[in-house]
Amino acid sequence: MSLDTPTTGCLHTPVLRERGQREVFCGLTGIIWLHRKMQDAFFLVVGSRTCAHLLQSAAGVMIFAEPRFGTAILEEKDLAGLADAHTELEREVARLIARRPDIRQLFLVGSCPSEVIKLDLGRTAERLNQRHGPSVRVYNYSGSGIETTFTQGEDACLATMVPGLAETDAENLLVVGALPDVVEDQCLSLLRDMGVTDVAMLPARRAADAPEVGEKTRFILTQPFLADTASALERRGAERIVAPFPFGEMGTTAWLNAVAHAFGVHPERFEQVTAAPRARAKKAVAVHAETLRDRSVFFFPDSQLEIPLARFLALECGMRPLEVGTPYLHRSLMEPELALLPETILSEGQDVDRQLDRHAALAPDLTVCGLGLANPLEAAGFATKWAIELVFTPVHFYEQAGDLAALFSRPLRRRSLLARGAQS
């Protein structure tokens with residue numbers, strides 16, 4: 001199917017709104033990939049021992065490692081109001097900065113406990129900026145799981161950085177979304193070869209490389225869960241380049257083509273730059289499409305990656321999406337994806353019991369879901385793929401297209417091998 005083919009896909013498909021019990025991680029989880037990306041940043045969670053255990057187990061940090069995140073644990077006296085938690089937090093931050101002079105960005109991350117007792121971390125961040133700035137910039141955002149899903153932690157983090165970005169009158173491109181360094185390098189190389197040279201990343205690897213933004217800035221998202229960050233950039237006067245997300249050969253080509261149109265890249269140069277990586281991506285995906293073709297897939301809502309991934313699986317791997325659930329459907333960000341996604345059931349939000357009933361009735365070949373649902377579904381005989389793995393694994397752009405397809409083909413191949421082993 002050509003991306004130039006007129007289609008409406010799921011643009012006008014009714015959306016099933018679910019409002020019930022949810023099974024998702026909280027926004028603190030985003031720290032695990034953000035602290036690896038931002039090399040001079042430190043993420044200090046103001047929360048409970050449960051928050052600390054979540055981060056420690058999710059990151060797999062060994063006892064002798066010194067990661068760039070930690071937890072300021074709220075004790076009973078803090079929760080009961082017997083101590084001034086703000087004063088104690090400022091003292092701990094001073095000790096942290098003294099011990100880690102390499103810190104240039106410090107994020108105070110709110111949690112469920114800090115929000116319940118109404119800690120004003122925003123005011124604390126202002127006071128700490130006055131005390132430790134300009135060498136250290138202190139930000140505040142919420143990673144609470146009360147109202148957010150785990151990928152929204154990145155959105156909240158980046159959105160809180162936007163007001164502090166320097167102003168520019170230059171015509172530049174801002175690529176928004178945390179990417180593994182190797183994927184970011186590939187992205188920048190493609191853009192540079194196309195002739196788009198004034199490019200910055202949000203987040204940058206180091207504070208000194210923070211992007212500038214102004215009314216001539218154009219930005220493009222690499223992740224579909226950055227709605228608040230997009231709104232913050234638009235309030236600064238930047239213009240969003242509308243495009244599908246760079247998953248698979250088709251999505252990457254459409255993403256790059258949108259940038260090319262915005263910056264006047266000649267079609268012949270675009271073809272020269274993308275022809276070879278497009279061919280490699282198609283070849284890599286085709287290997288796994290043999291396993292995936294004509295198989296059905298069901299997406300439980302988890303990461304907000306569901307709609308772009310369903311589009312990739314349907315158009316490039318030949319799968320049949322039976323239902324595509326997403327925690328939040330930001331239609332302005334998703335319209336290019338919805339236009340390409342073949343007709344299916346769309347659901348927003350979560351009601352676990354009702355979705356499990358629909359899942360059982362549809363009996364898909366592959367189920368993409370959170371960790372909390374994967375084991376019970378596997379025990380019931382369904383092949384599953386952990387949704388969180390799709391966030392932690394490099395899956396963007398051409399060179400990762402085959403790896404992305406492999407994440408979905410692997411559970412089906414494994415189940416096939418186990419079935420053959422049981423018969424022999």
# chains A, B, ... in the order shown; residues from 1 in each chain; ligands from 1
>>> residues_around(residues="Gly402 of chain A", least_positions_apart="4", cutoff="12 Å", atoms="only C-alpha atoms", output="MDAnalysis selection string")
chainID A and resid 247:249 277:289 312:313 316:317 394:398 406:410
>>> residues_around(residues="Pro180 of chain A", least_positions_apart="2", cutoff="8 Å", atoms="only C-alpha atoms", output="VMD selection string")
chain A and resid 37 178 182 to 184 394
>>> residues_around(residues="segment 122-128 of chain A", least_positions_apart="5", cutoff="8 Å", atoms="only C-alpha atoms", output="list of chain:residue names")
A:His86, A:Glu90, A:Leu108, A:Gly133, A:Val138, A:Tyr139, A:Asn140, A:Tyr141
>>> closest_atom_pairs(of="segment 253-305 of chain A", to="segment 364-384 of chain A", cutoff="8 Å", atoms="only C-alpha atoms", output="JSON lines")
{"residue": "A:Arg295", "atom": "CA", "partner": "A:Asp365", "partner_atom": "CA", "distance": 5.9}
{"residue": "A:Ser296", "atom": "CA", "partner": "A:Asp365", "partner_atom": "CA", "distance": 5.1}
{"residue": "A:Val297", "atom": "CA", "partner": "A:Leu366", "partner_atom": "CA", "distance": 4.7}
{"residue": "A:Phe298", "atom": "CA", "partner": "A:Thr367", "partner_atom": "CA", "distance": 4.9}
{"residue": "A:Phe299", "atom": "CA", "partner": "A:Val368", "partner_atom": "CA", "distance": 4.9}
{"residue": "A:Phe300", "atom": "CA", "partner": "A:Cys369", "partner_atom": "CA", "distance": 5.0}
{"residue": "A:Pro301", "atom": "CA", "partner": "A:Cys369", "partner_atom": "CA", "distance": 7.1}
{"residue": "A:Asp302", "atom": "CA", "partner": "A:Gly370", "partner_atom": "CA", "distance": 6.3}
>>> write_last_selection(atoms="N, CA and C atoms", output="compact mmCIF listing (two decimals), in the first residue's frame")
# COMPACT_ATOMS: atom_id res chain seq x y z
N ARG A 295 -2.04 -13.29 10.77
CA ARG A 295 -2.30 -13.54 12.19
C ARG A 295 -3.05 -12.34 12.78
N SER A 296 -3.84 -12.59 13.82
CA SER A 296 -4.62 -11.52 14.44
C SER A 296 -3.90 -11.01 15.70
N VAL A 297 -4.13 -9.73 16.02
CA VAL A 297 -3.49 -9.12 17.18
C VAL A 297 -4.49 -8.25 17.92
N PHE A 298 -4.39 -8.24 19.24
CA PHE A 298 -5.28 -7.48 20.13
C PHE A 298 -4.39 -6.62 21.02
N PHE A 299 -4.64 -5.32 21.07
CA PHE A 299 -3.86 -4.40 21.91
C PHE A 299 -4.67 -3.98 23.13
N PHE A 300 -4.20 -4.33 24.32
CA PHE A 300 -4.73 -3.72 25.54
C PHE A 300 -4.09 -2.34 25.69
N PRO A 301 -4.80 -1.38 26.30
CA PRO A 301 -4.23 -0.03 26.46
C PRO A 301 -3.10 -0.04 27.48
N ASP A 302 -1.98 0.59 27.11
CA ASP A 302 -0.85 0.58 28.03
C ASP A 302 0.07 1.78 27.82
>>> closest_residue(among="A:Arg311, A:Arg206, A:Arg331, A:His12", to="Ala41 of chain A", atoms="only C-alpha atoms")
A:Arg206
>>> residues_around(residues="Glu323 of chain A", least_positions_apart="3", cutoff="6 Å", atoms="only C-alpha atoms", output="list of chain:residue names")
A:Phe298, A:Thr344, A:Ile345, A:Leu346
>>> write_last_selection(atoms="all heavy atoms", output="short mmCIF file (atom, residue, chain, number, x, y, z; two decimals), in the first residue's frame")
data_model
loop_
_atom_site.label_atom_id
_atom_site.label_comp_id
_atom_site.auth_asym_id
_atom_site.auth_seq_id
_atom_site.Cartn_x
_atom_site.Cartn_y
_atom_site.Cartn_z
N PHE A 298 -4.39 -8.24 19.24
CA PHE A 298 -5.28 -7.48 20.13
C PHE A 298 -4.39 -6.62 21.02
O PHE A 298 -3.47 -7.14 21.67
CB PHE A 298 -6.13 -8.45 20.96
CG PHE A 298 -7.19 -7.80 21.82
CD1 PHE A 298 -8.53 -7.91 21.48
CD2 PHE A 298 -6.86 -7.11 22.99
CE1 PHE A 298 -9.52 -7.35 22.27
CE2 PHE A 298 -7.84 -6.54 23.78
CZ PHE A 298 -9.18 -6.66 23.43
N THR A 344 -10.91 -1.25 12.33
CA THR A 344 -10.82 -2.14 13.48
C THR A 344 -11.63 -1.53 14.62
O THR A 344 -12.21 -0.46 14.48
CB THR A 344 -9.35 -2.33 13.91
OG1 THR A 344 -9.28 -3.30 14.96
CG2 THR A 344 -8.74 -1.03 14.41
N ILE A 345 -11.66 -2.20 15.77
CA ILE A 345 -12.29 -1.64 16.97
C ILE A 345 -11.26 -0.76 17.66
O ILE A 345 -10.13 -1.18 17.92
CB ILE A 345 -12.75 -2.76 17.92
CG1 ILE A 345 -13.82 -3.63 17.26
CG2 ILE A 345 -13.28 -2.16 19.22
CD1 ILE A 345 -14.20 -4.85 18.09
N LEU A 346 -11.64 0.47 17.96
CA LEU A 346 -10.79 1.39 18.71
C LEU A 346 -11.38 1.60 20.10
O LEU A 346 -12.59 1.82 20.23
CB LEU A 346 -10.69 2.75 18.01
CG LEU A 346 -9.95 2.82 16.67
CD1 LEU A 346 -10.05 4.24 16.11
CD2 LEU A 346 -8.50 2.41 16.83
#
>>> select_by_dssp(residues="segment 157-353 of chain A", states="alpha helix (DSSP H)", output="count of residues only")
93
>>> closest_residue(among="A:Met334, A:Asp193, A:Val352, A:His359", to="Pro321 of chain A", atoms="only C-alpha atoms")
A:His359
>>> residues_around(residues="Phe219 of chain A", least_positions_apart="5", cutoff="9 Å", atoms="only C-alpha atoms", output="PyMOL selection string")
chain A and resi 172-176+230+233+238-241
>>> closest_residue(among="A:Leu256, A:Leu74, A:Leu305, A:Ala200", to="Phe225 of chain A", atoms="only C-alpha atoms")
A:Leu305
>>> closest_residue(among="A:Gly47, A:Pro203, A:Gly195, A:Pro14", to="Gly145 of chain A", atoms="only C-alpha atoms")
A:Gly47
>>> atom_distance(atom1="atom CA of Ser135 of chain A", atom2="atom CA of Glu171 of chain A")
28.2 Å
>>> closest_residue(among="A:Ser347, A:Thr71, A:Gln56, A:Ser114", to="Leu44 of chain A", atoms="only C-alpha atoms")
A:Thr71
>>> closest_residue(among="A:Leu226, A:Ala262, A:Ala72, A:Leu165", to="Ala52 of chain A", atoms="only C-alpha atoms")
A:Ala72
